[in-house]
file input.cif (mmCIF, C-alpha atoms)
data_start
loop_
_atom_site.group_PDB
_atom_site.id
_atom_site.type_symbol
_atom_site.label_atom_id
_atom_site.label_comp_id
_atom_site.auth_asym_id
_atom_site.auth_seq_id
_atom_site.Cartn_x
_atom_site.Cartn_y
_atom_site.Cartn_z
ATOM 1 C CA MET N 1 171.043 55.035 141.940
ATOM 2 C CA VAL N 2 169.188 55.633 138.692
ATOM 3 C CA TYR N 3 165.507 54.755 138.409
ATOM 4 C CA VAL N 4 163.802 54.176 135.070
ATOM 5 C CA GLY N 5 160.514 52.699 133.941
ATOM 6 C CA SER N 6 160.089 50.531 130.866
ATOM 7 C CA TRP N 7 157.477 49.324 128.417
ATOM 8 C CA ASP N 8 158.438 45.807 129.556
ATOM 9 C CA THR N 9 156.265 46.450 132.679
ATOM 10 C CA HIS N 10 159.150 46.954 135.130
ATOM 11 C CA LEU N 11 160.653 49.755 137.167
ATOM 12 C CA TYR N 12 164.428 49.396 137.357
ATOM 13 C CA ALA N 13 166.956 50.635 139.912
ATOM 14 C CA LEU N 14 170.519 50.691 138.561
ATOM 15 C CA ASP N 15 173.895 51.598 140.008
ATOM 16 C CA ALA N 16 174.566 55.102 138.665
ATOM 17 C CA THR N 17 178.278 54.395 138.122
ATOM 18 C CA THR N 18 178.292 50.892 136.668
ATOM 19 C CA GLY N 19 174.738 50.388 135.376
ATOM 20 C CA ASP N 20 174.465 47.173 137.377
ATOM 21 C CA LEU N 21 170.941 46.097 138.263
ATOM 22 C CA LEU N 22 170.168 46.651 141.947
ATOM 23 C CA TRP N 23 166.501 45.707 141.859
ATOM 24 C CA ARG N 24 163.500 45.690 139.600
ATOM 25 C CA TYR N 25 159.799 45.713 140.356
ATOM 26 C CA GLN N 26 157.197 44.195 138.070
ATOM 27 C CA ILE N 27 154.135 46.333 137.393
ATOM 28 C CA GLY N 28 150.908 45.258 135.714
ATOM 29 C CA ASN N 29 151.444 47.187 132.470
ATOM 30 C CA SER N 30 153.858 49.476 130.638
ATOM 31 C CA VAL N 31 155.536 52.413 132.397
ATOM 32 C CA SER N 32 155.855 55.665 130.446
ATOM 33 C CA SER N 33 155.689 57.832 133.580
ATOM 34 C CA SER N 34 159.022 59.180 134.822
ATOM 35 C CA PRO N 35 159.739 58.106 138.421
ATOM 36 C CA THR N 36 160.138 60.681 141.187
ATOM 37 C CA VAL N 37 162.215 60.098 144.326
ATOM 38 C CA SER N 38 161.490 61.815 147.638
ATOM 39 C CA GLY N 39 162.401 60.738 151.176
ATOM 40 C CA ASN N 40 163.788 57.337 150.106
ATOM 41 C CA VAL N 41 160.558 56.557 148.279
ATOM 42 C CA VAL N 42 160.239 56.268 144.502
ATOM 43 C CA TYR N 43 156.853 57.096 142.995
ATOM 44 C CA VAL N 44 155.817 56.008 139.508
ATOM 45 C CA GLY N 45 152.613 55.631 137.529
ATOM 46 C CA SER N 46 151.651 52.880 135.102
ATOM 47 C CA TRP N 47 149.182 52.068 132.361
ATOM 48 C CA ASP N 48 147.768 49.441 134.768
ATOM 49 C CA ASP N 49 145.857 52.324 136.451
ATOM 50 C CA TYR N 50 147.993 52.516 139.608
ATOM 51 C CA LEU N 51 150.400 54.984 141.194
ATOM 52 C CA TYR N 52 153.089 53.020 143.039
ATOM 53 C CA ALA N 53 155.217 53.980 146.030
ATOM 54 C CA LEU N 54 158.287 51.774 146.457
ATOM 55 C CA ASP N 55 161.160 51.741 148.914
ATOM 56 C CA ALA N 56 163.975 53.395 146.949
ATOM 57 C CA THR N 57 166.641 51.119 148.444
ATOM 58 C CA THR N 58 164.949 47.727 148.288
ATOM 59 C CA GLY N 59 162.143 48.123 145.740
ATOM 60 C CA ASN N 60 159.588 46.813 148.211
ATOM 61 C CA LEU N 61 156.021 48.012 147.657
ATOM 62 C CA LEU N 62 154.905 50.534 150.273
ATOM 63 C CA TRP N 63 151.496 51.361 148.803
ATOM 64 C CA ARG N 64 149.639 51.785 145.531
ATOM 65 C CA TYR N 65 146.632 53.897 144.567
ATOM 66 C CA GLN N 66 144.194 53.077 141.767
ATOM 67 C CA THR N 67 142.908 55.714 139.350
ATOM 68 C CA ASP N 68 142.908 55.070 135.589
ATOM 69 C CA SER N 69 145.857 54.766 133.201
ATOM 70 C CA ILE N 70 148.751 57.004 134.302
ATOM 71 C CA SER N 71 151.268 58.392 131.822
ATOM 72 C CA SER N 72 151.728 61.515 133.948
ATOM 73 C CA SER N 73 154.933 61.769 135.987
ATOM 74 C CA PRO N 74 154.283 62.305 139.709
ATOM 75 C CA THR N 75 155.617 65.272 141.680
ATOM 76 C CA ALA N 76 156.265 65.151 145.443
ATOM 77 C CA SER N 77 156.234 68.263 147.628
ATOM 78 C CA SER N 78 155.716 68.892 151.367
ATOM 79 C CA GLY N 79 154.562 65.365 152.114
ATOM 80 C CA VAL N 80 152.121 65.213 149.200
ATOM 81 C CA VAL N 81 152.470 63.436 145.852
ATOM 82 C CA TYR N 82 150.574 64.850 142.879
ATOM 83 C CA VAL N 83 149.793 62.917 139.700
ATOM 84 C CA GLY N 84 147.507 63.236 136.706
ATOM 85 C CA SER N 85 145.351 60.451 135.284
ATOM 86 C CA TRP N 86 143.521 59.518 132.124
ATOM 87 C CA ASP N 87 140.290 59.704 134.149
ATOM 88 C CA ASN N 88 140.592 63.520 133.745
ATOM 89 C CA HIS N 89 141.621 64.162 137.372
ATOM 90 C CA LEU N 90 144.654 65.518 139.161
ATOM 91 C CA TYR N 91 145.208 63.622 142.417
ATOM 92 C CA ALA N 92 146.852 64.776 145.642
ATOM 93 C CA LEU N 93 147.834 61.841 147.882
ATOM 94 C CA ASP N 94 149.535 61.596 151.243
ATOM 95 C CA ALA N 95 153.103 60.669 150.277
ATOM 96 C CA ALA N 96 153.556 58.333 153.258
ATOM 97 C CA THR N 97 150.273 56.412 153.141
ATOM 98 C CA GLY N 98 148.731 56.960 149.693
ATOM 99 C CA THR N 99 145.559 58.337 151.290
ATOM 100 C CA LEU N 100 143.565 60.613 148.978
ATOM 101 C CA LEU N 101 143.701 64.245 150.115
ATOM 102 C CA TRP N 102 141.834 65.784 147.185
ATOM 103 C CA ARG N 103 141.301 65.453 143.476
ATOM 104 C CA TYR N 104 140.412 68.008 140.825
ATOM 105 C CA GLN N 105 138.478 67.229 137.647
ATOM 106 C CA THR N 106 139.508 68.756 134.330
ATOM 107 C CA GLY N 107 137.798 68.237 130.984
ATOM 108 C CA ASP N 108 140.152 65.549 129.686
ATOM 109 C CA SER N 109 143.322 63.570 130.478
ATOM 110 C CA VAL N 110 145.887 65.303 132.673
ATOM 111 C CA SER N 111 149.610 65.840 132.014
ATOM 112 C CA SER N 112 152.454 65.963 134.569
ATOM 113 C CA PRO N 113 152.111 68.541 137.370
ATOM 114 C CA THR N 114 154.626 71.060 138.714
ATOM 115 C CA VAL N 115 154.538 72.528 142.242
ATOM 116 C CA SER N 116 155.880 75.997 143.059
ATOM 117 C CA GLY N 117 155.059 78.469 145.818
ATOM 118 C CA GLY N 118 152.145 76.495 147.192
ATOM 119 C CA VAL N 119 150.527 76.174 143.759
ATOM 120 C CA VAL N 120 150.148 73.117 141.514
ATOM 121 C CA TYR N 121 150.323 73.860 137.792
ATOM 122 C CA VAL N 122 149.099 71.209 135.392
ATOM 123 C CA GLY N 123 147.977 70.957 131.799
ATOM 124 C CA SER N 124 145.083 68.986 130.362
ATOM 125 C CA TYR N 125 144.083 67.613 127.007
ATOM 126 C CA ASP N 126 141.067 69.940 127.361
ATOM 127 C CA SER N 127 143.445 72.734 126.148
ATOM 128 C CA HIS N 128 143.790 74.456 129.542
ATOM 129 C CA LEU N 129 146.619 75.084 131.965
ATOM 130 C CA TYR N 130 145.352 74.980 135.559
ATOM 131 C CA ALA N 131 146.713 76.609 138.710
ATOM 132 C CA LEU N 132 145.407 74.955 141.886
ATOM 133 C CA ASP N 133 146.004 75.546 145.581
ATOM 134 C CA ALA N 134 148.425 72.774 146.568
ATOM 135 C CA VAL N 135 146.767 72.222 149.972
ATOM 136 C CA THR N 136 143.072 72.409 149.117
ATOM 137 C CA GLY N 137 142.915 71.766 145.376
ATOM 138 C CA ASP N 138 140.882 74.928 144.860
ATOM 139 C CA LEU N 139 141.105 76.482 141.406
ATOM 140 C CA LEU N 140 143.126 79.711 141.391
ATOM 141 C CA TRP N 141 143.028 80.327 137.642
ATOM 142 C CA ARG N 142 143.070 78.549 134.332
ATOM 143 C CA TYR N 143 144.277 79.609 130.896
ATOM 144 C CA GLN N 144 142.950 78.278 127.605
ATOM 145 C CA THR N 145 145.349 77.541 124.766
ATOM 146 C CA GLY N 146 144.329 76.532 121.271
ATOM 147 C CA ASP N 147 144.681 72.774 121.728
ATOM 148 C CA SER N 148 145.702 70.013 124.146
ATOM 149 C CA VAL N 149 148.406 70.713 126.747
ATOM 150 C CA LEU N 150 150.600 67.611 127.014
ATOM 151 C CA SER N 151 153.674 69.592 128.020
ATOM 152 C CA SER N 152 154.569 69.811 131.711
ATOM 153 C CA PRO N 153 154.758 73.401 132.960
ATOM 154 C CA THR N 154 157.963 74.975 134.268
ATOM 155 C CA VAL N 155 157.970 77.851 136.764
ATOM 156 C CA SER N 156 160.829 80.367 136.985
ATOM 157 C CA GLY N 157 160.973 83.957 138.169
ATOM 158 C CA GLY N 158 157.242 84.258 138.702
ATOM 159 C CA VAL N 159 156.487 83.005 135.198
ATOM 160 C CA VAL N 160 155.017 79.648 134.159
ATOM 161 C CA TYR N 161 156.055 78.310 130.771
ATOM 162 C CA VAL N 162 154.138 75.584 128.968
ATOM 163 C CA GLY N 163 153.789 74.193 125.462
ATOM 164 C CA SER N 164 150.580 73.372 123.606
ATOM 165 C CA ARG N 165 149.518 71.222 120.712
ATOM 166 C CA ASP N 166 148.505 74.512 119.031
ATOM 167 C CA ASP N 167 152.217 74.954 118.086
ATOM 168 C CA HIS N 168 152.941 77.634 120.706
ATOM 169 C CA LEU N 169 155.056 78.025 123.809
ATOM 170 C CA TYR N 170 153.268 80.203 126.384
ATOM 171 C CA ALA N 171 154.673 82.409 129.136
ATOM 172 C CA LEU N 172 152.062 83.283 131.768
ATOM 173 C CA ASP N 173 152.140 85.247 135.008
ATOM 174 C CA ALA N 174 152.331 82.502 137.626
ATOM 175 C CA ALA N 175 150.132 84.401 140.098
ATOM 176 C CA THR N 176 147.351 85.560 137.769
ATOM 177 C CA GLY N 177 147.543 83.446 134.615
ATOM 178 C CA ASP N 178 147.814 86.571 132.460
ATOM 179 C CA LEU N 179 149.560 86.054 129.119
ATOM 180 C CA LEU N 180 153.011 87.646 128.984
ATOM 181 C CA TRP N 181 154.019 86.332 125.562
ATOM 182 C CA ARG N 182 153.708 83.344 123.292
ATOM 183 C CA TYR N 183 155.991 82.018 120.586
ATOM 184 C CA GLN N 184 154.825 80.060 117.550
ATOM 185 C CA THR N 185 156.854 77.084 116.379
ATOM 186 C CA GLY N 186 156.142 75.069 113.259
ATOM 187 C CA ASP N 187 154.226 72.249 114.932
ATOM 188 C CA ALA N 188 152.893 70.957 118.246
ATOM 189 C CA VAL N 189 154.915 71.491 121.437
ATOM 190 C CA TYR N 190 154.776 68.331 123.550
ATOM 191 C CA SER N 191 158.241 68.927 125.010
ATOM 192 C CA SER N 192 158.380 70.454 128.494
ATOM 193 C CA PRO N 193 160.373 73.697 128.644
ATOM 194 C CA THR N 194 163.547 74.200 130.689
ATOM 195 C CA VAL N 195 164.701 77.612 131.942
ATOM 196 C CA SER N 196 168.366 78.392 132.615
ATOM 197 C CA GLY N 197 170.344 81.633 132.609
ATOM 198 C CA GLY N 198 167.439 83.732 131.400
ATOM 199 C CA VAL N 199 166.784 81.427 128.455
ATOM 200 C CA VAL N 200 163.898 79.010 127.931
ATOM 201 C CA TYR N 201 164.637 75.909 125.880
ATOM 202 C CA VAL N 202 161.910 73.772 124.331
ATOM 203 C CA GLY N 203 161.529 71.213 121.568
ATOM 204 C CA SER N 204 158.835 71.064 118.895
ATOM 205 C CA GLU N 205 157.346 68.449 116.605
ATOM 206 C CA ASP N 206 158.739 70.627 113.777
ATOM 207 C CA ASP N 207 162.136 68.929 114.459
ATOM 208 C CA HIS N 208 163.722 72.001 116.135
ATOM 209 C CA LEU N 209 165.036 72.835 119.578
ATOM 210 C CA TYR N 210 164.353 76.494 120.375
ATOM 211 C CA ALA N 211 166.185 78.888 122.678
ATOM 212 C CA LEU N 212 164.089 81.929 123.570
ATOM 213 C CA ASP N 213 164.650 84.954 125.807
ATOM 214 C CA ALA N 214 162.721 84.054 128.961
ATOM 215 C CA VAL N 215 161.493 87.637 129.485
ATOM 216 C CA THR N 216 160.549 88.688 125.953
ATOM 217 C CA GLY N 217 160.102 85.423 124.054
ATOM 218 C CA GLU N 218 162.558 86.625 121.406
ATOM 219 C CA LEU N 219 164.223 83.837 119.406
ATOM 220 C CA LEU N 220 167.913 83.501 120.261
ATOM 221 C CA TRP N 221 168.615 80.410 118.166
ATOM 222 C CA ARG N 222 167.079 77.167 116.975
ATOM 223 C CA TYR N 223 168.663 73.876 116.003
ATOM 224 C CA GLN N 224 167.175 71.389 113.552
ATOM 225 C CA THR N 225 167.373 67.674 114.255
ATOM 226 C CA GLY N 226 166.284 64.909 111.900
ATOM 227 C CA ASN N 227 162.812 64.391 113.365
ATOM 228 C CA SER N 228 160.326 65.560 115.979
ATOM 229 C CA ILE N 229 161.442 66.509 119.494
ATOM 230 C CA SER N 230 159.131 65.213 122.220
ATOM 231 C CA SER N 231 162.016 64.941 124.686
ATOM 232 C CA SER N 232 162.379 67.749 127.225
ATOM 233 C CA PRO N 233 165.778 69.482 127.237
ATOM 234 C CA THR N 234 168.154 69.544 130.197
ATOM 235 C CA VAL N 235 170.838 72.184 130.770
ATOM 236 C CA TYR N 236 174.071 71.345 132.595
ATOM 237 C CA GLY N 237 176.816 73.950 132.686
ATOM 238 C CA SER N 238 176.978 75.502 129.230
ATOM 239 C CA VAL N 239 175.465 72.529 127.420
ATOM 240 C CA VAL N 240 171.844 71.688 126.612
ATOM 241 C CA TYR N 241 170.978 68.026 126.082
ATOM 242 C CA VAL N 242 167.885 66.811 124.247
ATOM 243 C CA GLY N 243 166.656 63.653 122.563
ATOM 244 C CA SER N 244 165.015 63.431 119.148
ATOM 245 C CA ASP N 245 162.753 61.036 117.305
ATOM 246 C CA ASP N 246 165.655 60.680 114.843
ATOM 247 C CA ASN N 247 167.182 58.226 117.398
ATOM 248 C CA HIS N 248 169.864 60.650 118.639
ATOM 249 C CA LEU N 249 170.805 62.408 121.849
ATOM 250 C CA TYR N 250 172.153 65.893 121.092
ATOM 251 C CA ALA N 251 174.562 68.037 123.082
ATOM 252 C CA LEU N 252 174.431 71.689 122.017
ATOM 253 C CA ASP N 253 176.177 74.832 123.168
ATOM 254 C CA ALA N 254 173.547 76.516 125.351
ATOM 255 C CA VAL N 255 174.548 80.022 124.230
ATOM 256 C CA THR N 256 175.008 79.561 120.483
ATOM 257 C CA GLY N 257 173.113 76.357 119.662
ATOM 258 C CA GLU N 258 176.223 74.923 118.023
ATOM 259 C CA LEU N 259 176.341 71.121 117.870
ATOM 260 C CA LEU N 260 178.967 69.736 120.252
ATOM 261 C CA TRP N 261 178.191 66.063 119.733
ATOM 262 C CA ARG N 262 175.365 63.651 119.091
ATOM 263 C CA TYR N 263 174.969 59.960 119.783
ATOM 264 C CA GLN N 264 172.830 57.540 117.798
ATOM 265 C CA THR N 265 170.777 55.018 119.729
ATOM 266 C CA GLY N 266 168.844 52.155 118.187
ATOM 267 C CA TYR N 267 165.469 53.888 118.081
ATOM 268 C CA VAL N 268 163.628 57.111 118.924
ATOM 269 C CA VAL N 269 164.514 59.052 122.093
ATOM 270 C CA TYR N 270 161.293 60.260 123.724
ATOM 271 C CA SER N 271 162.923 60.213 127.147
ATOM 272 C CA SER N 272 164.188 63.437 128.704
ATOM 273 C CA PRO N 273 167.868 63.386 129.681
ATOM 274 C CA THR N 274 168.882 63.743 133.337
ATOM 275 C CA VAL N 275 172.283 64.847 134.608
ATOM 276 C CA SER N 276 173.724 63.796 137.970
ATOM 277 C CA GLY N 277 177.314 63.626 139.177
ATOM 278 C CA GLY N 278 178.683 64.755 135.822
ATOM 279 C CA VAL N 279 176.889 61.951 133.966
ATOM 280 C CA VAL N 280 173.992 62.377 131.540
ATOM 281 C CA TYR N 281 171.423 59.568 131.444
ATOM 282 C CA VAL N 282 168.742 59.003 128.803
ATOM 283 C CA GLY N 283 166.501 56.153 127.753
ATOM 284 C CA SER N 284 165.760 55.051 124.205
ATOM 285 C CA MET N 285 162.887 53.109 122.698
ATOM 286 C CA ASP N 286 165.537 50.565 121.670
ATOM 287 C CA GLY N 287 165.192 49.190 125.209
ATOM 288 C CA HIS N 288 168.409 50.651 126.628
ATOM 289 C CA LEU N 289 169.325 53.255 129.222
ATOM 290 C CA TYR N 290 172.493 55.145 128.215
ATOM 291 C CA ALA N 291 175.018 57.016 130.353
ATOM 292 C CA TRP N 292 177.798 59.383 129.231
ATOM 293 C CA TYR N 293 180.239 61.571 131.072
ATOM 294 C CA CYS N 294 179.157 65.114 130.241
ATOM 295 C CA CYS N 295 182.554 66.142 128.930
ATOM 296 C CA THR N 296 182.887 63.218 126.491
ATOM 297 C CA LEU N 297 181.148 61.775 123.431
#

call {"tool": "encode", "arguments": {"input": "input.cif", "output": "structure tokens"}}
result
Amino acid sequence: MVYVGSWDTHLYALDATTGDLLWRYQIGNSVSSSPTVSGNVVYVGSWDDYLYALDATTGNLLWRYQTDSISSSPTASSGVVYVGSWDNHLYALDAATGTLLWRYQTGDSVSSPTVSGGVVYVGSYDSHLYALDAVTGDLLWRYQTGDSVLSSPTVSGGVVYVGSRDDHLYALDAATGDLLWRYQTGDAVYSSPTVSGGVVYVGSEDDHLYALDAVTGELLWRYQTGNSISSSPTVYGSVVYVGSDDNHLYALDAVTGELLWRYQTGYVVYSSPTVSGGVVYVGSMDGHLYAWYCCTL
């Protein structure tokens, strides 16, 4: 099954092979949060101020928790679901009941969290990346960038990578928050980085997808699309997939950056592609969810 939220106020569950509608659940406002599935439960936030937990098979409501508007995508780990809110807090809720375990206040709205090694990493519009104890919510460290952090952090090999509105991609020591390197693009980095094969891939509002050496930050290649890239790239095999505000999904050679194919949708592609079972899925602001076999146009 494929789960996707929509600005039409619904969460949809579709057959991954045929695209047939299995169920849909009406929410009180638009859904820009990406759903997360764990233990046959799908979690998703909405602009109606609630985090929802739905039965992944039937779509029945299990529980909901009220905060403020939620554009953050939830993350589930070890029986806890973490989500950021526009009320400036990161929330940790019991995944089964929705009971509040703890919350941590930042200085502004909170982006989508990542959990690794018992630590929750999350960015905030207050320009900081935070590292919090996943059990207690205690602050371990925080790092200040030059502007808002809308990008969701990625952790790989003891390093946390995150983009900032200050035009940079940062690589920080995941344990200490010490800066290892940073790379300057030509505009804000809202895209969330992806690490694969020793390479970190990230999009920028300067219209480019970048491939950088994950250890040194050295530029390996960059590819220019026709507009900003807010979409987060996905790597499958030797191909990196990314959407662009120029209405296209791109498939690029992950080693060389050479264009393999691109597909034009009816409007901008903010959504981040997902690959499962040899099929790549991506949503477009034209109101459609698209699916392609990875080896075809």

call {"tool": "residues_near_point", "arguments": {"input": "input.cif", "point": "(167.2, 77.2, 125.5)", "cutoff": "8 Å", "atoms": "only C-alpha atoms", "output": "NGL selection string"}}
result
:N and (194-196 or 199-202 or 209-212 or 240 or 254-255)

call {"tool": "closest_atom_pairs", "arguments": {"input": "input.cif", "of": "region 196-234 of chain N", "to": "region 267-276 of chain N", "cutoff": "10 Å", "atoms": "only C-alpha atoms", "output": "tab-separated table"}}
result
residue	atom	partner	partner_atom	distance
N:Asn227	CA	N:Val268	CA	9.2
N:Ser228	CA	N:Tyr270	CA	9.4
N:Ile229	CA	N:Tyr270	CA	7.5
N:Ser230	CA	N:Tyr270	CA	5.6
N:Ser231	CA	N:Ser272	CA	4.8
N:Ser232	CA	N:Ser272	CA	4.9
N:Pro233	CA	N:Ser272	CA	6.4
N:Thr234	CA	N:Pro273	CA	6.2

call {"tool": "write_last_selection", "arguments": {"input": "input.cif", "atoms": "C-alpha atoms", "output": "PDB file, in the frame of the given file"}}
result
ATOM      1  CA  ASN N 227     162.812  64.391 113.365  1.00  0.00           C
ATOM      2  CA  SER N 228     160.326  65.560 115.979  1.00  0.00           C
ATOM      3  CA  ILE N 229     161.442  66.509 119.494  1.00  0.00           C
ATOM      4  CA  SER N 230     159.131  65.213 122.220  1.00  0.00           C
ATOM      5  CA  SER N 231     162.016  64.941 124.686  1.00  0.00           C
ATOM      6  CA  SER N 232     162.379  67.749 127.225  1.00  0.00           C
ATOM      7  CA  PRO N 233     165.778  69.482 127.237  1.00  0.00           C
ATOM      8  CA  THR N 234     168.154  69.544 130.197  1.00  0.00           C
TER       9      THR N 234
END

call {"tool": "residues_around", "arguments": {"input": "input.cif", "residues": "Gly278 (chain N)", "least_positions_apart": "5", "cutoff": "10 Å", "atoms": "only C-alpha atoms", "output": "number ranges by chain"}}
result
N: 236-237, 292-295

call {"tool": "write_last_selection", "arguments": {"input": "input.cif", "atoms": "C-alpha atoms", "output": "compact mmCIF listing (two decimals), in the coordinates of the input"}}
result
# COMPACT_ATOMS: atom_id res chain seq x y z
CA TYR N 236 174.07 71.34 132.60
CA GLY N 237 176.82 73.95 132.69
CA TRP N 292 177.80 59.38 129.23
CA TYR N 293 180.24 61.57 131.07
CA CYS N 294 179.16 65.11 130.24
CA CYS N 295 182.55 66.14 128.93

call {"tool": "resolve_selection", "arguments": {"input": "input.cif", "expression": "the PyMOL selection byres ((chain N and resi 204-208) around 10)", "output": "count of residues only"}}
result
35

call {"tool": "closest_residue", "arguments": {"input": "input.cif", "among": "N:Thr265, N:Leu101, N:Val37, N:Val280", "to": "Tyr241 (chain N)", "atoms": "only C-alpha atoms"}}
result
N:Val280

call {"tool": "atom_distance", "arguments": {"input": "input.cif", "atom1": "CA of Leu219 (chain N)", "atom2": "CA of Gln264 (chain N)"}}
result
27.7 Å

call {"tool": "residues_around", "arguments": {"input": "input.cif", "residues": "Ser109 (chain N)", "least_positions_apart": "6", "cutoff": "8 Å", "atoms": "only C-alpha atoms", "output": "list in words"}}
result
Gly84, Ser85, Trp86, Asp87, Asn88, His89, Ser124, Tyr125 and Asp126 of chain N

call {"tool": "resolve_selection", "arguments": {"input": "input.cif", "expression": "the PyMOL selection byres ((chain N and resi 12-25) around 10)", "output": "ChimeraX atom specification"}}
result
/N:1-6,9-11,26-27,35,42,54,56-61,276-277,279,281,289-291

call {"tool": "residues_around", "arguments": {"input": "input.cif", "residues": "Tyr263 (chain N)", "least_positions_apart": "6", "cutoff": "9 Å", "atoms": "all atoms listed in the file", "output": "PyMOL selection string"}}
result
chain N and resi 247-251+297

call {"tool": "closest_residue", "arguments": {"input": "input.cif", "among": "N:Ala214, N:Ala131, N:Ala92, N:Leu139", "to": "Tyr170 (chain N)", "atoms": "all atoms listed in the file"}}
result
N:Ala214

call {"tool": "closest_residue", "arguments": {"input": "input.cif", "among": "N:Ala95, N:Val110, N:Val215, N:Met285", "to": "Gly198 (chain N)", "atoms": "all atoms listed in the file"}}
result
N:Val215

call {"tool": "resolve_selection", "arguments": {"input": "input.cif", "expression": "the PyMOL selection byres ((chain N and resi 172-181) around 6)", "output": "ChimeraX atom specification"}}
result
/N:158-160,171,182

call {"tool": "write_last_selection", "arguments": {"input": "input.cif", "atoms": "C-alpha atoms", "output": "short mmCIF file (atom, residue, chain, number, x, y, z; two decimals), keeping the file's coordinate frame"}}
result
data_model
loop_
_atom_site.label_atom_id
_atom_site.label_comp_id
_atom_site.auth_asym_id
_atom_site.auth_seq_id
_atom_site.Cartn_x
_atom_site.Cartn_y
_atom_site.Cartn_z
CA GLY N 158 157.24 84.26 138.70
CA VAL N 159 156.49 83.00 135.20
CA VAL N 160 155.02 79.65 134.16
CA ALA N 171 154.67 82.41 129.14
CA ARG N 182 153.71 83.34 123.29
#

call {"tool": "atom_distance", "arguments": {"input": "input.cif", "atom1": "CA of Thr145 (chain N)", "atom2": "CA of Val115 (chain N)"}}
result
20.4 Å

call {"tool": "atom_distance", "arguments": {"input": "input.cif", "atom1": "CA of Ser73 (chain N)", "atom2": "CA of Thr114 (chain N)"}}
result
9.7 Å

call {"tool": "decode", "arguments": {"input": "input.cif", "residues": "region 23-39 of chain N", "atoms": "N, CA and C atoms", "output": "compact mmCIF listing (two decimals), in the first residue's frame"}}
result
# COMPACT_ATOMS: atom_id res chain seq x y z
N TRP N 23 -8.68 3.08 0.80
CA TRP N 23 -9.46 3.89 1.74
C TRP N 23 -8.94 5.32 1.73
N ARG N 24 -9.74 6.21 2.25
CA ARG N 24 -9.29 7.57 2.46
C ARG N 24 -9.91 8.07 3.75
N TYR N 25 -9.20 8.97 4.41
CA TYR N 25 -9.65 9.50 5.69
C TYR N 25 -9.67 11.02 5.59
N GLN N 26 -10.81 11.61 5.93
CA GLN N 26 -10.93 13.06 5.85
C GLN N 26 -10.43 13.72 7.13
N ILE N 27 -9.53 14.69 6.93
CA ILE N 27 -8.92 15.44 8.02
C ILE N 27 -9.46 16.86 7.95
N GLY N 28 -9.27 17.64 9.01
CA GLY N 28 -9.91 18.94 9.11
C GLY N 28 -9.26 20.05 8.32
N ASN N 29 -8.08 19.78 7.71
CA ASN N 29 -7.41 20.80 6.91
C ASN N 29 -6.40 20.10 6.00
N SER N 30 -5.64 20.88 5.28
CA SER N 30 -4.68 20.33 4.32
C SER N 30 -3.61 19.49 5.00
N VAL N 31 -3.05 18.55 4.23
CA VAL N 31 -1.99 17.67 4.72
C VAL N 31 -0.75 17.88 3.87
N SER N 32 0.28 18.51 4.44
CA SER N 32 1.57 18.62 3.75
C SER N 32 2.62 17.75 4.42
N SER N 33 2.30 17.20 5.59
CA SER N 33 3.14 16.25 6.29
C SER N 33 3.19 14.93 5.51
N SER N 34 4.36 14.31 5.49
CA SER N 34 4.48 12.98 4.87
C SER N 34 4.12 11.92 5.91
N PRO N 35 3.24 10.97 5.56
CA PRO N 35 2.85 9.94 6.53
C PRO N 35 3.99 8.97 6.82
N THR N 36 3.97 8.43 8.03
CA THR N 36 4.93 7.43 8.48
C THR N 36 4.16 6.20 8.94
N VAL N 37 4.62 5.02 8.54
CA VAL N 37 3.96 3.77 8.91
C VAL N 37 4.86 2.98 9.84
N SER N 38 4.29 2.51 10.95
CA SER N 38 5.02 1.68 11.90
C SER N 38 4.03 0.80 12.64
N GLY N 39 4.28 -0.52 12.63
CA GLY N 39 3.42 -1.44 13.37
C GLY N 39 1.97 -1.41 12.96
